[in-house]
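Structure first, commentary second.
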Amino acid sequence: MAIPELDFLQQPLVDDMLDYDYTNHRYIPTINGVKNTAYLDLVVIWGSTENAQSYLELLSQVVYDVILSKVDGDKNKNKVLYYIAHSKEMRNLMIDIFKDSVWYNQRDGGFMLAYNSGVNLNLGKFMEFGIDKALSVIAQQKIKNSPLGNRVLKYNLNDFHYFATLDELKTFLVGKGVIENSQLDEIESIDDIKNNHYRYKIRGYNSYGLIVVEDLKTYTEKILKTMKIYDNSDGSW
């Protein structure tokens with residue numbers, strides 16, 4: 001299942017609530033966003049805007065580290081990063097998790113405890129603090145209840161092409177080098193097209209009567225490549 005059209009974002013949405021780190025591919029809550037959702041003034045709490053911003057960048061890193069710790073393999077982790085960046089629903093979930101995490105840290109819990117209390121100075125003993133304690137039980141459950149709670153992302157992030165007629169499909173496949181012009185007269189239905197191309201796979205007709213073709217190289221050609229060559233000017237990711 002692909003990201004639903006009404007849920008899909010062409011690129012990460014940056015506004016007064018969230019900023020986006022295109023180098024590390026993660027949302028970062030804004031100071032004003034925390035004030036509007038968690039009702040906490042981080043500039044007052046941390047003493048300066050710079051300190052508050054550093055805290056939020058660290059918070060973002062920890063939240064993403066926890067999410068990615070539940071995912072199998074680099075390929076699936078990259079897909080999760082792409083999914084979060086391109087789903088309105090996941091963006092709202094991240095806002096909710098950031099809000100909860102800020103509250104959690106202000107109650108002397110969360111990842112700041114892990115950074116500050118690795119050693120119990122009173123007892124002189126090392127304190128075990130796993131990454132599962134970096135977020136609250138509530139935030140952990142929110143992740144578990146979402147598509148991010150699986151070892152493998154269940155969404156199919158491949159691009160899909162849709163064609164109203166067989167002639168439109170044939171024109172597309174010729175342009176992509178899947179079939180030759182000399183073969184066109186032999187194709188009277190999609191069943192006449194060999195469905196073993198390394199990139200384009202015909203999935204048949206959808207419920208709207210459109211012919212569906214899946215681009216099997218979306219990960220390497222779109223997700224992975226654009227993660228490495230992202231250009232802020234064109235919003236390619």
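We label chains A, B, ... in the order they appear in the structure tokens, count residues from 1 in each chain, and number ligands from 1 in the order shown.
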Exercise for review: List the neighbours of region 172-187 of chain A out to 12 Å using only C-alpha atoms; skip same-chain residues closer than 5 positions along the sequence, and give me the result as a list in words.
Suggested key: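 What passes the distance filter is His161, Tyr162, Phe163, Ala164, Thr165, Leu166, Asp167, Asp192, Ile193, Lys194, Asn195, Asn196, His197, Tyr198, Arg199, Tyr200, Lys201, Ile202, Ile211, Val212, Val213, Glu214 and Asp215 of chain A.
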Dump as an mmCIF file, in the first residue's frame, selection limited to C-alpha atoms:
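Everything below was put into again.cif:
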```
data_model
loop_
_atom_site.group_PDB
_atom_site.id
_atom_site.type_symbol
_atom_site.label_atom_id
_atom_site.label_comp_id
_atom_site.auth_asym_id
_atom_site.auth_seq_id
_atom_site.Cartn_x
_atom_site.Cartn_y
_atom_site.Cartn_z
ATOM 1 C CA HIS A 161 1.922 5.151 -12.991
ATOM 2 C CA TYR A 162 -1.708 5.002 -14.132
ATOM 3 C CA PHE A 163 -3.020 4.719 -17.700
ATOM 4 C CA ALA A 164 -6.564 5.066 -18.959
ATOM 5 C CA THR A 165 -5.993 3.132 -22.183
ATOM 6 C CA LEU A 166 -3.769 0.390 -23.510
ATOM 7 C CA ASP A 167 -2.374 2.805 -26.131
ATOM 8 C CA ASP A 192 0.419 -9.752 -24.144
ATOM 9 C CA ILE A 193 3.149 -7.746 -22.403
ATOM 10 C CA LYS A 194 5.940 -9.665 -20.695
ATOM 11 C CA ASN A 195 5.790 -8.657 -17.056
ATOM 12 C CA ASN A 196 9.379 -9.365 -16.045
ATOM 13 C CA HIS A 197 11.089 -6.011 -16.613
ATOM 14 C CA TYR A 198 13.706 -5.130 -13.978
ATOM 15 C CA ARG A 199 12.076 -1.755 -13.304
ATOM 16 C CA TYR A 200 8.483 -1.490 -14.530
ATOM 17 C CA LYS A 201 5.956 -4.095 -13.425
ATOM 18 C CA ILE A 202 2.353 -4.101 -14.669
ATOM 19 C CA ILE A 211 -3.877 0.210 -15.712
ATOM 20 C CA VAL A 212 -1.321 0.323 -12.888
ATOM 21 C CA VAL A 213 2.443 0.127 -13.442
ATOM 22 C CA GLU A 214 4.833 -0.012 -10.482
ATOM 23 C CA ASP A 215 8.320 1.498 -10.607
#
```
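Minimum atom-to-atom distances from A:Asp159, A:Asp15, A:Glu57, A:Glu50 to Leu216 (chain A) were compared using only C-alpha atoms, and the lowest value belongs to A:Asp159.
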Review point. Hey, which of A:Thr30, A:Thr220, A:Thr171, A:Asn105 ends up closest to Asn158 (chain A)? Count only C-alpha atoms.
Key: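 Residue with the minimum atom-to-atom distance to Asn158 (chain A): A:Thr220.
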What lies within 12 Å of region 63-73 of chain A using only C-alpha atoms, ignoring chain neighbours under 5 positions off, as a PDB file with N, CA and C atoms, in the first residue's frame?
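Contents of out_2.pdb, freshly written:
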```
ATOM      1  N   ASP A  21      15.805  19.179   9.146  1.00  0.00           N
ATOM      2  CA  ASP A  21      17.242  19.013   8.937  1.00  0.00           C
ATOM      3  C   ASP A  21      17.428  18.121   7.711  1.00  0.00           C
ATOM      4  N   ASN A  24      20.442  15.371   7.972  1.00  0.00           N
ATOM      5  CA  ASN A  24      20.181  14.165   8.756  1.00  0.00           C
ATOM      6  C   ASN A  24      18.778  13.609   8.556  1.00  0.00           C
ATOM      7  N   HIS A  25      17.981  14.311   7.768  1.00  0.00           N
ATOM      8  CA  HIS A  25      16.636  13.856   7.402  1.00  0.00           C
ATOM      9  C   HIS A  25      15.748  13.642   8.620  1.00  0.00           C
ATOM     10  N   ARG A  26      15.509  14.733   9.340  1.00  0.00           N
ATOM     11  CA  ARG A  26      14.609  14.636  10.478  1.00  0.00           C
ATOM     12  C   ARG A  26      13.991  15.998  10.794  1.00  0.00           C
ATOM     13  N   TYR A  27      12.745  15.928  11.260  1.00  0.00           N
ATOM     14  CA  TYR A  27      12.070  17.129  11.739  1.00  0.00           C
ATOM     15  C   TYR A  27      12.679  17.557  13.077  1.00  0.00           C
ATOM     16  N   ILE A  28      12.683  18.870  13.305  1.00  0.00           N
ATOM     17  CA  ILE A  28      13.126  19.433  14.577  1.00  0.00           C
ATOM     18  C   ILE A  28      12.033  20.377  15.068  1.00  0.00           C
ATOM     19  N   PRO A  29      11.530  20.173  16.279  1.00  0.00           N
ATOM     20  CA  PRO A  29      10.490  21.080  16.781  1.00  0.00           C
ATOM     21  C   PRO A  29      11.052  22.490  16.949  1.00  0.00           C
ATOM     22  N   LEU A  56      16.509  21.281  21.422  1.00  0.00           N
ATOM     23  CA  LEU A  56      15.516  20.736  20.489  1.00  0.00           C
ATOM     24  C   LEU A  56      16.170  19.875  19.415  1.00  0.00           C
ATOM     25  N   GLU A  57      17.357  20.268  18.980  1.00  0.00           N
ATOM     26  CA  GLU A  57      18.071  19.449  17.998  1.00  0.00           C
ATOM     27  C   GLU A  57      18.472  18.113  18.610  1.00  0.00           C
ATOM     28  N   LEU A  58      18.895  18.137  19.871  1.00  0.00           N
ATOM     29  CA  LEU A  58      19.232  16.900  20.568  1.00  0.00           C
ATOM     30  C   LEU A  58      17.992  16.044  20.791  1.00  0.00           C
ATOM     31  N   ASN A  78      15.948   4.026   5.868  1.00  0.00           N
ATOM     32  CA  ASN A  78      15.830   5.118   4.897  1.00  0.00           C
ATOM     33  C   ASN A  78      14.383   5.295   4.449  1.00  0.00           C
ATOM     34  N   LYS A  79      13.677   4.183   4.284  1.00  0.00           N
ATOM     35  CA  LYS A  79      12.275   4.258   3.889  1.00  0.00           C
ATOM     36  C   LYS A  79      11.433   4.913   4.985  1.00  0.00           C
ATOM     37  N   VAL A  80      11.753   4.604   6.248  1.00  0.00           N
ATOM     38  CA  VAL A  80      11.036   5.213   7.363  1.00  0.00           C
ATOM     39  C   VAL A  80      11.274   6.723   7.382  1.00  0.00           C
ATOM     40  N   LEU A  81      12.519   7.148   7.165  1.00  0.00           N
ATOM     41  CA  LEU A  81      12.824   8.580   7.122  1.00  0.00           C
ATOM     42  C   LEU A  81      12.049   9.265   6.002  1.00  0.00           C
ATOM     43  N   ILE A  84       8.251   9.446   6.996  1.00  0.00           N
ATOM     44  CA  ILE A  84       7.971  10.521   7.960  1.00  0.00           C
ATOM     45  C   ILE A  84       7.980  11.872   7.264  1.00  0.00           C
ATOM     46  N   LEU A  93       2.128  13.041  14.042  1.00  0.00           N
ATOM     47  CA  LEU A  93       2.584  12.140  15.098  1.00  0.00           C
ATOM     48  C   LEU A  93       3.889  12.634  15.706  1.00  0.00           C
ATOM     49  N   MET A  94       4.812  13.114  14.871  1.00  0.00           N
ATOM     50  CA  MET A  94       6.084  13.619  15.387  1.00  0.00           C
ATOM     51  C   MET A  94       5.863  14.832  16.288  1.00  0.00           C
ATOM     52  N   ILE A  95       4.935  15.714  15.918  1.00  0.00           N
ATOM     53  CA  ILE A  95       4.624  16.866  16.760  1.00  0.00           C
ATOM     54  C   ILE A  95       4.146  16.393  18.127  1.00  0.00           C
ATOM     55  N   ASP A  96       3.286  15.382  18.121  1.00  0.00           N
ATOM     56  CA  ASP A  96       2.745  14.842  19.364  1.00  0.00           C
ATOM     57  C   ASP A  96       3.840  14.208  20.219  1.00  0.00           C
ATOM     58  N   ILE A  97       4.754  13.460  19.582  1.00  0.00           N
ATOM     59  CA  ILE A  97       5.849  12.810  20.316  1.00  0.00           C
ATOM     60  C   ILE A  97       6.822  13.844  20.869  1.00  0.00           C
ATOM     61  N   PHE A  98       7.131  14.864  20.090  1.00  0.00           N
ATOM     62  CA  PHE A  98       8.018  15.928  20.573  1.00  0.00           C
ATOM     63  C   PHE A  98       7.394  16.625  21.788  1.00  0.00           C
ATOM     64  N   LYS A  99       6.100  16.904  21.701  1.00  0.00           N
ATOM     65  CA  LYS A  99       5.406  17.559  22.818  1.00  0.00           C
ATOM     66  C   LYS A  99       5.502  16.697  24.077  1.00  0.00           C
ATOM     67  N   ASP A 100       5.193  15.430  23.934  1.00  0.00           N
ATOM     68  CA  ASP A 100       5.242  14.521  25.081  1.00  0.00           C
ATOM     69  C   ASP A 100       6.655  14.409  25.637  1.00  0.00           C
ATOM     70  N   SER A 101       7.647  14.395  24.744  1.00  0.00           N
ATOM     71  CA  SER A 101       9.037  14.231  25.172  1.00  0.00           C
ATOM     72  C   SER A 101       9.541  15.449  25.930  1.00  0.00           C
ATOM     73  N   VAL A 102       9.106  16.632  25.523  1.00  0.00           N
ATOM     74  CA  VAL A 102       9.482  17.845  26.255  1.00  0.00           C
ATOM     75  C   VAL A 102       8.910  17.799  27.667  1.00  0.00           C
ATOM     76  N   GLY A 110      13.246  11.018  30.878  1.00  0.00           N
ATOM     77  CA  GLY A 110      13.610  11.137  29.480  1.00  0.00           C
ATOM     78  C   GLY A 110      15.095  11.058  29.213  1.00  0.00           C
ATOM     79  N   PHE A 111      15.447  11.486  28.022  1.00  0.00           N
ATOM     80  CA  PHE A 111      16.827  11.296  27.581  1.00  0.00           C
ATOM     81  C   PHE A 111      17.815  12.172  28.331  1.00  0.00           C
ATOM     82  N   GLY A 130      18.634   2.127  29.209  1.00  0.00           N
ATOM     83  CA  GLY A 130      18.454   1.733  27.826  1.00  0.00           C
ATOM     84  C   GLY A 130      17.743   2.801  27.022  1.00  0.00           C
ATOM     85  N   ILE A 131      17.844   2.683  25.708  1.00  0.00           N
ATOM     86  CA  ILE A 131      17.235   3.677  24.824  1.00  0.00           C
ATOM     87  C   ILE A 131      15.719   3.665  24.953  1.00  0.00           C
ATOM     88  N   ASP A 132      15.158   2.532  25.435  1.00  0.00           N
ATOM     89  CA  ASP A 132      13.712   2.459  25.600  1.00  0.00           C
ATOM     90  C   ASP A 132      13.208   3.410  26.673  1.00  0.00           C
ATOM     91  N   LYS A 133      14.108   3.899  27.534  1.00  0.00           N
ATOM     92  CA  LYS A 133      13.713   4.840  28.587  1.00  0.00           C
ATOM     93  C   LYS A 133      13.849   6.297  28.132  1.00  0.00           C
ATOM     94  N   ALA A 134      14.350   6.506  26.936  1.00  0.00           N
ATOM     95  CA  ALA A 134      14.569   7.875  26.465  1.00  0.00           C
ATOM     96  C   ALA A 134      13.259   8.596  26.179  1.00  0.00           C
ATOM     97  N   LEU A 135      12.210   7.830  25.838  1.00  0.00           N
ATOM     98  CA  LEU A 135      10.884   8.401  25.619  1.00  0.00           C
ATOM     99  C   LEU A 135       9.926   7.850  26.658  1.00  0.00           C
ATOM    100  N   SER A 136       8.856   8.581  26.895  1.00  0.00           N
ATOM    101  CA  SER A 136       7.875   8.144  27.877  1.00  0.00           C
ATOM    102  C   SER A 136       7.128   6.912  27.391  1.00  0.00           C
ATOM    103  N   ALA A 139       4.690   8.005  24.684  1.00  0.00           N
ATOM    104  CA  ALA A 139       5.296   8.197  23.369  1.00  0.00           C
ATOM    105  C   ALA A 139       5.660   6.869  22.737  1.00  0.00           C
ATOM    106  N   GLN A 140       6.174   5.951  23.546  1.00  0.00           N
ATOM    107  CA  GLN A 140       6.509   4.617  23.029  1.00  0.00           C
ATOM    108  C   GLN A 140       5.265   3.934  22.468  1.00  0.00           C
ATOM    109  N   GLN A 141       4.138   4.077  23.153  1.00  0.00           N
ATOM    110  CA  GLN A 141       2.906   3.441  22.700  1.00  0.00           C
ATOM    111  C   GLN A 141       2.384   4.097  21.425  1.00  0.00           C
ATOM    112  N   LYS A 142       2.541   5.408  21.320  1.00  0.00           N
ATOM    113  CA  LYS A 142       2.127   6.109  20.109  1.00  0.00           C
ATOM    114  C   LYS A 142       2.907   5.585  18.900  1.00  0.00           C
ATOM    115  N   ILE A 143       4.193   5.356  19.082  1.00  0.00           N
ATOM    116  CA  ILE A 143       5.012   4.812  17.991  1.00  0.00           C
ATOM    117  C   ILE A 143       4.568   3.392  17.665  1.00  0.00           C
ATOM    118  N   LYS A 144       4.351   2.600  18.701  1.00  0.00           N
ATOM    119  CA  LYS A 144       3.954   1.204  18.514  1.00  0.00           C
ATOM    120  C   LYS A 144       2.632   1.092  17.771  1.00  0.00           C
ATOM    121  N   SER A 146       1.509   3.078  15.541  1.00  0.00           N
ATOM    122  CA  SER A 146       1.604   3.689  14.212  1.00  0.00           C
ATOM    123  C   SER A 146       2.356   2.759  13.263  1.00  0.00           C
ATOM    124  N   PRO A 147       2.395   3.088  11.969  1.00  0.00           N
ATOM    125  CA  PRO A 147       3.193   2.293  11.033  1.00  0.00           C
ATOM    126  C   PRO A 147       4.681   2.274  11.369  1.00  0.00           C
ATOM    127  N   LEU A 148       5.132   3.186  12.235  1.00  0.00           N
ATOM    128  CA  LEU A 148       6.539   3.238  12.615  1.00  0.00           C
ATOM    129  C   LEU A 148       6.890   2.170  13.644  1.00  0.00           C
ATOM    130  N   GLY A 149       5.893   1.477  14.155  1.00  0.00           N
ATOM    131  CA  GLY A 149       6.139   0.491  15.195  1.00  0.00           C
ATOM    132  C   GLY A 149       6.505  -0.888  14.683  1.00  0.00           C
ATOM    133  N   ASN A 150       6.676  -1.036  13.368  1.00  0.00           N
ATOM    134  CA  ASN A 150       7.004  -2.338  12.775  1.00  0.00           C
ATOM    135  C   ASN A 150       8.476  -2.421  12.412  1.00  0.00           C
ATOM    136  N   ARG A 151       9.014  -3.630  12.436  1.00  0.00           N
ATOM    137  CA  ARG A 151      10.415  -3.832  12.052  1.00  0.00           C
ATOM    138  C   ARG A 151      10.637  -3.484  10.578  1.00  0.00           C
ATOM    139  N   VAL A 152       9.609  -3.707   9.767  1.00  0.00           N
ATOM    140  CA  VAL A 152       9.665  -3.381   8.341  1.00  0.00           C
ATOM    141  C   VAL A 152       8.463  -2.505   8.008  1.00  0.00           C
ATOM    142  N   LEU A 153       8.706  -1.380   7.358  1.00  0.00           N
ATOM    143  CA  LEU A 153       7.620  -0.473   6.995  1.00  0.00           C
ATOM    144  C   LEU A 153       6.669  -1.171   6.028  1.00  0.00           C
ATOM    145  N   LYS A 154       5.392  -1.169   6.364  1.00  0.00           N
ATOM    146  CA  LYS A 154       4.417  -1.904   5.555  1.00  0.00           C
ATOM    147  C   LYS A 154       3.939  -1.131   4.340  1.00  0.00           C
TER     148      LYS A 154
END
```
Review point. Using only C-alpha atoms, which residues sit within 12 Å of Ile45 (chain A) once same-chain residues fewer than 2 positions away are excluded, as an MDAnalysis selection string?
Key: chainID A and resid 31 35 39:43 47:53 55 102 105:106
Exercise for review: Using DSSP on the backbone coordinates, identify the residues of region 28-111 of chain A assigned to alpha helix (DSSP H); present them as an NGL selection string.
Suggested key: :A and (31-37 or 42-46 or 49-68 or 73-86 or 88-106 or 110-111)
